[in-house]
Amino acid sequence: MIEIKDLHKSYKMGSNSLHVLKGINFSVAEGELVSIMGSSGSGKSTLLNILGMLDEADEGSYMLDGVPIKNLNEKIAARYRNKFLGFIFQSFNLISYKNALDNVALPLYYQGVKRGERIDKAMSYLEKVGLSDWAGHLPNELSGGQKQRVAIARALASDPKVLLADEPTGALDSKTSYDVMNLIQEINDEGRTILVVTHEPDIAAMTKRIVNLKDGRIIQDTQVEQIRAQQNV
Ligand code: ADP
Ligand code: MG
């Protein structure tokens, strides 16, 4: 589903340049639930933004569902992004003056889905995340966990091949974080490919594979089952 080879990224700042990704190689197969873990500043968001086609690498290759992602014009990039990818952010990024239902329905509007169908679909995704009773509420009437559920429903609404989540539990307390991760696990159980960026080991442990990033390099890439097996020995 995702294949990246020898990816490099630097940020230019005046005459200086900060080398953030230093040759990243990894692939993700369809149906995986992968966490990208590392301390703050290790390059997690930079990597996720490149995978999400929100930014471009300086060097290396990126294939998404068999399509080479390189030098695309903004229109084609936007089309691929809508078709392939759903995003979940730490700060939820809901539209404050739209209720939960309309937030979930928004990506469908951009896809040209007619109003009646939009509302039906959005409602079914709100049901899926356990929030059908909250459809008419504005974001500021919802708890943090509820807001993130709305954001997850919105990410699912366009039926993306891959969900990309950048610190989805970063603004939530532990109990709510585990609830949100349980929902992410359920969505993965249905076969959807999901990447979760986190700096929290207990959140990473709720995925199936942990890719450890340090100073812009992958230093470890392990199946969680293996880690568990080793710990039980
Ligand atoms: P993480 O998500 O792991 O905390 P980031 O990918 O956000 O790390 O950042 C990696 C490094 O790149 C940090 O040192 C950060 O300050 C720097 N950085 C991130 N975005 C930019 C940018 N747009 N311009 C310059 N430096 C940046
Ligand atoms: Mg980050």
# chains A, B, ... in the order shown; residues from 1 in each chain; ligands from 1

call {"tool": "residues_near_ligand", "arguments": {"ligand": "ligand 2", "cutoff": "9 Å", "atoms": "only C-alpha atoms and all ligand atoms", "output": "PyMOL selection string"}}
result
chain A and resi 39-46+48+166-167+197-199

call {"tool": "write_last_selection", "arguments": {"atoms": "N, CA, C and O atoms", "output": "PDB file, in the first residue's frame"}}
result
ATOM      1  N   SER A  39      10.755  10.436  19.908  1.00  0.00           N
ATOM      2  CA  SER A  39      10.614  11.598  20.773  1.00  0.00           C
ATOM      3  C   SER A  39      10.309  12.830  19.930  1.00  0.00           C
ATOM      4  O   SER A  39      10.395  12.800  18.704  1.00  0.00           O
ATOM      5  N   SER A  40       9.969  13.886  20.605  1.00  0.00           N
ATOM      6  CA  SER A  40       9.624  15.136  19.936  1.00  0.00           C
ATOM      7  C   SER A  40      10.811  15.617  19.101  1.00  0.00           C
ATOM      8  O   SER A  40      11.949  15.585  19.559  1.00  0.00           O
ATOM      9  N   GLY A  41      10.533  15.998  17.865  1.00  0.00           N
ATOM     10  CA  GLY A  41      11.598  16.490  16.994  1.00  0.00           C
ATOM     11  C   GLY A  41      12.292  15.413  16.182  1.00  0.00           C
ATOM     12  O   GLY A  41      13.204  15.706  15.407  1.00  0.00           O
ATOM     13  N   SER A  42      11.864  14.149  16.330  1.00  0.00           N
ATOM     14  CA  SER A  42      12.554  13.059  15.621  1.00  0.00           C
ATOM     15  C   SER A  42      12.161  12.980  14.137  1.00  0.00           C
ATOM     16  O   SER A  42      12.766  12.231  13.381  1.00  0.00           O
ATOM     17  N   GLY A  43      11.137  13.724  13.737  1.00  0.00           N
ATOM     18  CA  GLY A  43      10.764  13.763  12.319  1.00  0.00           C
ATOM     19  C   GLY A  43       9.470  13.035  11.994  1.00  0.00           C
ATOM     20  O   GLY A  43       9.134  12.846  10.824  1.00  0.00           O
ATOM     21  N   LYS A  44       8.702  12.660  13.031  1.00  0.00           N
ATOM     22  CA  LYS A  44       7.466  11.889  12.823  1.00  0.00           C
ATOM     23  C   LYS A  44       6.454  12.647  11.956  1.00  0.00           C
ATOM     24  O   LYS A  44       5.920  12.096  10.990  1.00  0.00           O
ATOM     25  N   SER A  45       6.180  13.893  12.342  1.00  0.00           N
ATOM     26  CA  SER A  45       5.171  14.658  11.597  1.00  0.00           C
ATOM     27  C   SER A  45       5.654  14.957  10.183  1.00  0.00           C
ATOM     28  O   SER A  45       4.859  14.930   9.238  1.00  0.00           O
ATOM     29  N   THR A  46       6.943  15.224  10.051  1.00  0.00           N
ATOM     30  CA  THR A  46       7.506  15.458   8.719  1.00  0.00           C
ATOM     31  C   THR A  46       7.264  14.247   7.826  1.00  0.00           C
ATOM     32  O   THR A  46       6.804  14.379   6.687  1.00  0.00           O
ATOM     33  N   LEU A  48       4.974  11.847   8.292  1.00  0.00           N
ATOM     34  CA  LEU A  48       3.540  11.647   8.055  1.00  0.00           C
ATOM     35  C   LEU A  48       2.996  12.657   7.028  1.00  0.00           C
ATOM     36  O   LEU A  48       2.149  12.313   6.211  1.00  0.00           O
ATOM     37  N   ASP A 166      -1.920  11.853  13.337  1.00  0.00           N
ATOM     38  CA  ASP A 166      -0.750  12.473  13.971  1.00  0.00           C
ATOM     39  C   ASP A 166      -1.065  12.793  15.427  1.00  0.00           C
ATOM     40  O   ASP A 166      -1.808  13.728  15.710  1.00  0.00           O
ATOM     41  N   GLU A 167      -0.508  12.009  16.343  1.00  0.00           N
ATOM     42  CA  GLU A 167      -0.754  12.161  17.788  1.00  0.00           C
ATOM     43  C   GLU A 167      -2.253  12.260  18.089  1.00  0.00           C
ATOM     44  O   GLU A 167      -2.687  13.222  18.743  1.00  0.00           O
ATOM     45  N   VAL A 197       0.990   8.218  14.445  1.00  0.00           N
ATOM     46  CA  VAL A 197       2.197   8.828  15.003  1.00  0.00           C
ATOM     47  C   VAL A 197       1.969   9.081  16.483  1.00  0.00           C
ATOM     48  O   VAL A 197       0.916   9.598  16.877  1.00  0.00           O
ATOM     49  N   THR A 198       2.923   8.683  17.306  1.00  0.00           N
ATOM     50  CA  THR A 198       2.791   8.939  18.742  1.00  0.00           C
ATOM     51  C   THR A 198       4.169   8.978  19.389  1.00  0.00           C
ATOM     52  O   THR A 198       5.121   8.414  18.867  1.00  0.00           O
ATOM     53  N   HIS A 199       4.263   9.665  20.529  1.00  0.00           N
ATOM     54  CA  HIS A 199       5.517   9.567  21.292  1.00  0.00           C
ATOM     55  C   HIS A 199       5.280   8.744  22.557  1.00  0.00           C
ATOM     56  O   HIS A 199       6.171   8.596  23.382  1.00  0.00           O
TER      57      HIS A 199
END

call {"tool": "residues_around", "arguments": {"residues": "stretch 80-90 of chain A", "least_positions_apart": "6", "cutoff": "6 Å", "atoms": "only C-alpha atoms", "output": "ChimeraX atom specification"}}
result
/A:155,160-168,170

call {"tool": "residues_around", "arguments": {"residues": "A:Ile227", "least_positions_apart": "4", "cutoff": "12 Å", "atoms": "only C-alpha atoms", "output": "VMD selection string"}}
result
chain A and resid 204 to 210 220 to 223 231 to 233

call {"tool": "residues_around", "arguments": {"residues": "stretch 95-104 of chain A", "least_positions_apart": "5", "cutoff": "9 Å", "atoms": "only C-alpha atoms", "output": "JSON list (two decimals) with all heavy atoms, in the first residue's frame"}}
result
[["chain", "number", "residue", "atom", "x", "y", "z"],
["A", 118, "ARG", "N", -25.30, 12.55, 1.45],
["A", 118, "ARG", "CA", -24.27, 13.04, 2.36],
["A", 118, "ARG", "C", -24.70, 12.86, 3.81],
["A", 118, "ARG", "O", -23.97, 12.35, 4.65],
["A", 118, "ARG", "CB", -24.09, 14.55, 2.13],
["A", 118, "ARG", "CG", -22.84, 14.86, 1.42],
["A", 118, "ARG", "CD", -22.54, 16.30, 1.20],
["A", 118, "ARG", "NE", -23.34, 17.41, 1.55],
["A", 118, "ARG", "CZ", -23.88, 18.28, 0.68],
["A", 118, "ARG", "NH1", -23.72, 18.09, -0.61],
["A", 118, "ARG", "NH2", -24.55, 19.31, 1.11],
["A", 119, "ILE", "N", -25.93, 13.30, 4.09],
["A", 119, "ILE", "CA", -26.44, 13.26, 5.45],
["A", 119, "ILE", "C", -26.59, 11.81, 5.92],
["A", 119, "ILE", "O", -26.21, 11.46, 7.04],
["A", 119, "ILE", "CB", -27.79, 14.02, 5.54],
["A", 119, "ILE", "CG1", -27.59, 15.50, 5.18],
["A", 119, "ILE", "CG2", -28.44, 13.87, 6.90],
["A", 119, "ILE", "CD1", -26.57, 16.24, 6.04],
["A", 121, "LYS", "N", -24.97, 9.13, 4.86],
["A", 121, "LYS", "CA", -23.64, 8.54, 5.06],
["A", 121, "LYS", "C", -23.00, 9.07, 6.33],
["A", 121, "LYS", "O", -22.46, 8.31, 7.14],
["A", 121, "LYS", "CB", -22.73, 8.87, 3.87],
["A", 121, "LYS", "CG", -22.80, 7.88, 2.75],
["A", 121, "LYS", "CD", -21.57, 8.05, 1.86],
["A", 121, "LYS", "CE", -21.50, 6.93, 0.84],
["A", 121, "LYS", "NZ", -20.42, 7.13, -0.13],
["A", 122, "ALA", "N", -23.05, 10.40, 6.49],
["A", 122, "ALA", "CA", -22.43, 11.02, 7.66],
["A", 122, "ALA", "C", -23.04, 10.45, 8.93],
["A", 122, "ALA", "O", -22.35, 10.16, 9.91],
["A", 122, "ALA", "CB", -22.58, 12.53, 7.60],
["A", 123, "MET", "N", -24.38, 10.28, 8.92],
["A", 123, "MET", "CA", -25.07, 9.74, 10.08],
["A", 123, "MET", "C", -24.59, 8.32, 10.38],
["A", 123, "MET", "O", -24.38, 7.95, 11.53],
["A", 123, "MET", "CB", -26.58, 9.77, 9.82],
["A", 123, "MET", "CG", -27.40, 9.72, 11.06],
["A", 123, "MET", "SD", -27.08, 11.12, 12.16],
["A", 123, "MET", "CE", -27.63, 10.40, 13.70],
["A", 125, "TYR", "N", -21.70, 7.06, 9.75],
["A", 125, "TYR", "CA", -20.35, 7.09, 10.34],
["A", 125, "TYR", "C", -20.38, 7.60, 11.78],
["A", 125, "TYR", "O", -19.64, 7.12, 12.64],
["A", 125, "TYR", "CB", -19.38, 7.91, 9.49],
["A", 125, "TYR", "CG", -18.92, 7.13, 8.28],
["A", 125, "TYR", "CD1", -19.38, 7.42, 7.01],
["A", 125, "TYR", "CD2", -18.03, 6.06, 8.44],
["A", 125, "TYR", "CE1", -18.98, 6.68, 5.91],
["A", 125, "TYR", "CE2", -17.63, 5.31, 7.35],
["A", 125, "TYR", "CZ", -18.10, 5.63, 6.08],
["A", 125, "TYR", "OH", -17.71, 4.89, 5.01],
["A", 126, "LEU", "N", -21.28, 8.54, 12.06],
["A", 126, "LEU", "CA", -21.42, 8.99, 13.46],
["A", 126, "LEU", "C", -21.91, 7.83, 14.34],
["A", 126, "LEU", "O", -21.48, 7.68, 15.48],
["A", 126, "LEU", "CB", -22.42, 10.14, 13.54],
["A", 126, "LEU", "CG", -21.88, 11.55, 13.38],
["A", 126, "LEU", "CD1", -22.99, 12.56, 13.61],
["A", 126, "LEU", "CD2", -20.72, 11.83, 14.34],
["A", 131, "LEU", "N", -21.79, 8.11, 18.20],
["A", 131, "LEU", "CA", -22.19, 9.48, 18.49],
["A", 131, "LEU", "C", -23.46, 9.92, 17.77],
["A", 131, "LEU", "O", -23.68, 11.13, 17.59],
["A", 131, "LEU", "CB", -21.06, 10.45, 18.11],
["A", 131, "LEU", "CG", -19.84, 10.48, 19.04],
["A", 131, "LEU", "CD1", -18.82, 11.48, 18.53],
["A", 131, "LEU", "CD2", -20.23, 10.82, 20.47],
["A", 132, "SER", "N", -24.33, 8.98, 17.42],
["A", 132, "SER", "CA", -25.52, 9.39, 16.66],
["A", 132, "SER", "C", -26.39, 10.36, 17.46],
["A", 132, "SER", "O", -27.03, 11.23, 16.90],
["A", 132, "SER", "CB", -26.31, 8.19, 16.18],
["A", 132, "SER", "OG", -26.35, 7.21, 17.17],
["A", 134, "TRP", "N", -25.38, 12.75, 19.17],
["A", 134, "TRP", "CA", -24.70, 14.05, 19.28],
["A", 134, "TRP", "C", -24.61, 14.77, 17.94],
["A", 134, "TRP", "O", -23.92, 15.79, 17.81],
["A", 134, "TRP", "CB", -23.31, 13.85, 19.89],
["A", 134, "TRP", "CG", -23.38, 13.37, 21.30],
["A", 134, "TRP", "CD1", -23.57, 12.08, 21.71],
["A", 134, "TRP", "CD2", -23.31, 14.16, 22.48],
["A", 134, "TRP", "NE1", -23.63, 12.01, 23.09],
["A", 134, "TRP", "CE2", -23.46, 13.29, 23.58],
["A", 134, "TRP", "CE3", -23.14, 15.53, 22.72],
["A", 134, "TRP", "CZ2", -23.45, 13.74, 24.90],
["A", 134, "TRP", "CZ3", -23.11, 15.98, 24.04],
["A", 134, "TRP", "CH2", -23.27, 15.09, 25.11],
["A", 135, "ALA", "N", -25.34, 14.26, 16.96],
["A", 135, "ALA", "CA", -25.22, 14.77, 15.59],
["A", 135, "ALA", "C", -25.45, 16.28, 15.50],
["A", 135, "ALA", "O", -24.77, 16.98, 14.75],
["A", 135, "ALA", "CB", -26.21, 14.05, 14.68],
["A", 136, "GLY", "N", -26.39, 16.82, 16.29],
["A", 136, "GLY", "CA", -26.75, 18.23, 16.18],
["A", 136, "GLY", "C", -25.91, 19.15, 17.04],
["A", 136, "GLY", "O", -26.16, 20.36, 17.08],
["A", 137, "HIS", "N", -24.92, 18.59, 17.74],
["A", 137, "HIS", "CA", -24.13, 19.42, 18.65],
["A", 137, "HIS", "C", -22.91, 20.03, 17.98],
["A", 137, "HIS", "O", -22.29, 19.42, 17.11],
["A", 137, "HIS", "CB", -23.68, 18.58, 19.86],
["A", 137, "HIS", "CG", -24.81, 18.27, 20.80],
["A", 137, "HIS", "ND1", -24.99, 18.96, 21.98],
["A", 137, "HIS", "CD2", -25.82, 17.38, 20.72],
["A", 137, "HIS", "CE1", -26.07, 18.50, 22.60],
["A", 137, "HIS", "NE2", -26.59, 17.52, 21.85],
["A", 138, "LEU", "N", -22.57, 21.23, 18.43],
["A", 138, "LEU", "CA", -21.37, 21.91, 17.93],
["A", 138, "LEU", "C", -20.14, 21.34, 18.65],
["A", 138, "LEU", "O", -20.25, 20.84, 19.78],
["A", 138, "LEU", "CB", -21.46, 23.41, 18.20],
["A", 138, "LEU", "CG", -22.55, 24.16, 17.40],
["A", 138, "LEU", "CD1", -22.68, 25.59, 17.91],
["A", 138, "LEU", "CD2", -22.22, 24.14, 15.91],
["A", 139, "PRO", "N", -18.96, 21.45, 18.02],
["A", 139, "PRO", "CA", -17.74, 20.93, 18.65],
["A", 139, "PRO", "C", -17.54, 21.40, 20.10],
["A", 139, "PRO", "O", -17.15, 20.60, 20.95],
["A", 139, "PRO", "CB", -16.63, 21.45, 17.73],
["A", 139, "PRO", "CG", -17.27, 21.48, 16.38],
["A", 139, "PRO", "CD", -18.69, 21.92, 16.64],
["A", 140, "ASN", "N", -17.85, 22.69, 20.38],
["A", 140, "ASN", "CA", -17.58, 23.15, 21.76],
["A", 140, "ASN", "C", -18.57, 22.59, 22.78],
["A", 140, "ASN", "O", -18.45, 22.85, 23.97],
["A", 140, "ASN", "CB", -17.49, 24.69, 21.83],
["A", 140, "ASN", "CG", -18.81, 25.37, 21.55],
["A", 140, "ASN", "OD1", -19.87, 24.72, 21.50],
["A", 140, "ASN", "ND2", -18.79, 26.68, 21.37],
["A", 147, "LYS", "N", -14.94, 14.79, 20.36],
["A", 147, "LYS", "CA", -14.45, 15.54, 19.20],
["A", 147, "LYS", "C", -13.57, 14.66, 18.33],
["A", 147, "LYS", "O", -13.67, 14.68, 17.10],
["A", 147, "LYS", "CB", -13.64, 16.77, 19.66],
["A", 147, "LYS", "CG", -14.50, 17.93, 20.06],
["A", 147, "LYS", "CD", -13.64, 19.15, 20.35],
["A", 147, "LYS", "CE", -13.96, 19.64, 21.74],
["A", 147, "LYS", "NZ", -13.34, 20.87, 22.13],
["A", 150, "VAL", "N", -15.66, 12.34, 16.30],
["A", 150, "VAL", "CA", -16.24, 13.04, 15.14],
["A", 150, "VAL", "C", -15.17, 13.16, 14.04],
["A", 150, "VAL", "O", -15.44, 12.89, 12.86],
["A", 150, "VAL", "CB", -16.77, 14.45, 15.53],
["A", 150, "VAL", "CG1", -17.19, 15.23, 14.28],
["A", 150, "VAL", "CG2", -17.93, 14.33, 16.51],
["A", 151, "ALA", "N", -13.95, 13.51, 14.44],
["A", 151, "ALA", "CA", -12.87, 13.66, 13.45],
["A", 151, "ALA", "C", -12.56, 12.32, 12.78],
["A", 151, "ALA", "O", -12.27, 12.27, 11.58],
["A", 151, "ALA", "CB", -11.62, 14.22, 14.13],
["A", 152, "ILE", "N", -12.67, 11.24, 13.54],
["A", 152, "ILE", "CA", -12.44, 9.91, 12.96],
["A", 152, "ILE", "C", -13.56, 9.58, 11.97],
["A", 152, "ILE", "O", -13.31, 9.09, 10.86],
["A", 152, "ILE", "CB", -12.31, 8.84, 14.07],
["A", 152, "ILE", "CG1", -10.99, 9.05, 14.85],
["A", 152, "ILE", "CG2", -12.37, 7.43, 13.48],
["A", 152, "ILE", "CD1", -10.84, 8.21, 16.10],
["A", 153, "ALA", "N", -14.79, 9.89, 12.36],
["A", 153, "ALA", "CA", -15.93, 9.65, 11.45],
["A", 153, "ALA", "C", -15.74, 10.46, 10.17],
["A", 153, "ALA", "O", -15.99, 9.98, 9.06],
["A", 153, "ALA", "CB", -17.25, 10.02, 12.13],
["A", 154, "ARG", "N", -15.28, 11.70, 10.31],
["A", 154, "ARG", "CA", -15.05, 12.55, 9.15],
["A", 154, "ARG", "C", -13.95, 11.96, 8.25],
["A", 154, "ARG", "O", -14.07, 11.95, 7.03],
["A", 154, "ARG", "CB", -14.64, 13.96, 9.60],
["A", 154, "ARG", "CG", -14.31, 14.90, 8.43],
["A", 154, "ARG", "CD", -13.79, 16.22, 8.89],
["A", 154, "ARG", "NE", -12.62, 16.07, 9.76],
["A", 154, "ARG", "CZ", -12.02, 17.06, 10.39],
["A", 154, "ARG", "NH1", -12.48, 18.28, 10.29],
["A", 154, "ARG", "NH2", -10.97, 16.82, 11.15],
["A", 155, "ALA", "N", -12.88, 11.44, 8.89],
["A", 155, "ALA", "CA", -11.79, 10.86, 8.10],
["A", 155, "ALA", "C", -12.27, 9.62, 7.34],
["A", 155, "ALA", "O", -11.80, 9.33, 6.25],
["A", 155, "ALA", "CB", -10.63, 10.49, 9.02],
["A", 156, "LEU", "N", -13.23, 8.90, 7.95],
["A", 156, "LEU", "CA", -13.73, 7.68, 7.30],
["A", 156, "LEU", "C", -14.74, 7.96, 6.19],
["A", 156, "LEU", "O", -14.93, 7.14, 5.29],
["A", 156, "LEU", "CB", -14.41, 6.78, 8.35],
["A", 156, "LEU", "CG", -13.51, 6.07, 9.34],
["A", 156, "LEU", "CD1", -14.35, 5.38, 10.41],
["A", 156, "LEU", "CD2", -12.62, 5.06, 8.62],
["A", 157, "ALA", "N", -15.35, 9.14, 6.26],
["A", 157, "ALA", "CA", -16.49, 9.44, 5.37],
["A", 157, "ALA", "C", -16.12, 9.33, 3.90],
["A", 157, "ALA", "O", -16.94, 8.94, 3.08],
["A", 157, "ALA", "CB", -17.05, 10.82, 5.68]]

call {"tool": "select_by_dssp", "arguments": {"residues": "stretch 47-209 of chain A", "states": "alpha helix (DSSP H)", "output": "PyMOL selection string"}}
result
chain A and resi 47-51+74-84+100-110+115-128+144-157+174-189+201-204

call {"tool": "atom_distance", "arguments": {"atom1": "atom CA of A:Asp215", "atom2": "atom CA of A:Val20"}}
result
7.1 Å

call {"tool": "select_by_dssp", "arguments": {"residues": "stretch 1-231 of chain A", "states": "strand (DSSP E or B)", "output": "PyMOL selection string"}}
result
chain A and resi 2-13+16-28+33-37+59-64+67-68+85-89+162-166+193-198+209-214+217-223

call {"tool": "closest_residue", "arguments": {"among": "A:Glu190, A:Glu200, A:Glu141, A:Glu117", "to": "ligand 1", "atoms": "only C-alpha atoms and all ligand atoms"}}
result
A:Glu200

call {"tool": "closest_residue", "arguments": {"among": "A:Arg149, A:Val34, A:Glu59, A:Gly66", "to": "A:Ile203", "atoms": "only C-alpha atoms"}}
result
A:Val34

call {"tool": "atom_distance", "arguments": {"atom1": "atom CA of A:Leu33", "atom2": "atom CA of A:Thr193"}}
result
6.0 Å

call {"tool": "closest_residue", "arguments": {"among": "A:Val28, A:Leu94, A:Leu21, A:Leu72", "to": "A:Asp58", "atoms": "only C-alpha atoms"}}
result
A:Leu21

call {"tool": "closest_residue", "arguments": {"among": "A:Ile4, A:Val196, A:Leu172, A:Val224", "to": "ligand 1", "atoms": "only C-alpha atoms and all ligand atoms"}}
result
A:Val196

call {"tool": "closest_residue", "arguments": {"among": "A:Thr169, A:Asn212, A:Ser158, A:Thr176", "to": "ligand 1", "atoms": "only C-alpha atoms and all ligand atoms"}}
result
A:Asn212

call {"tool": "atom_distance", "arguments": {"atom1": "atom CA of A:His8", "atom2": "atom 26 (N, counted along the ligand's line) of ligand 1"}}
result
13.8 Å
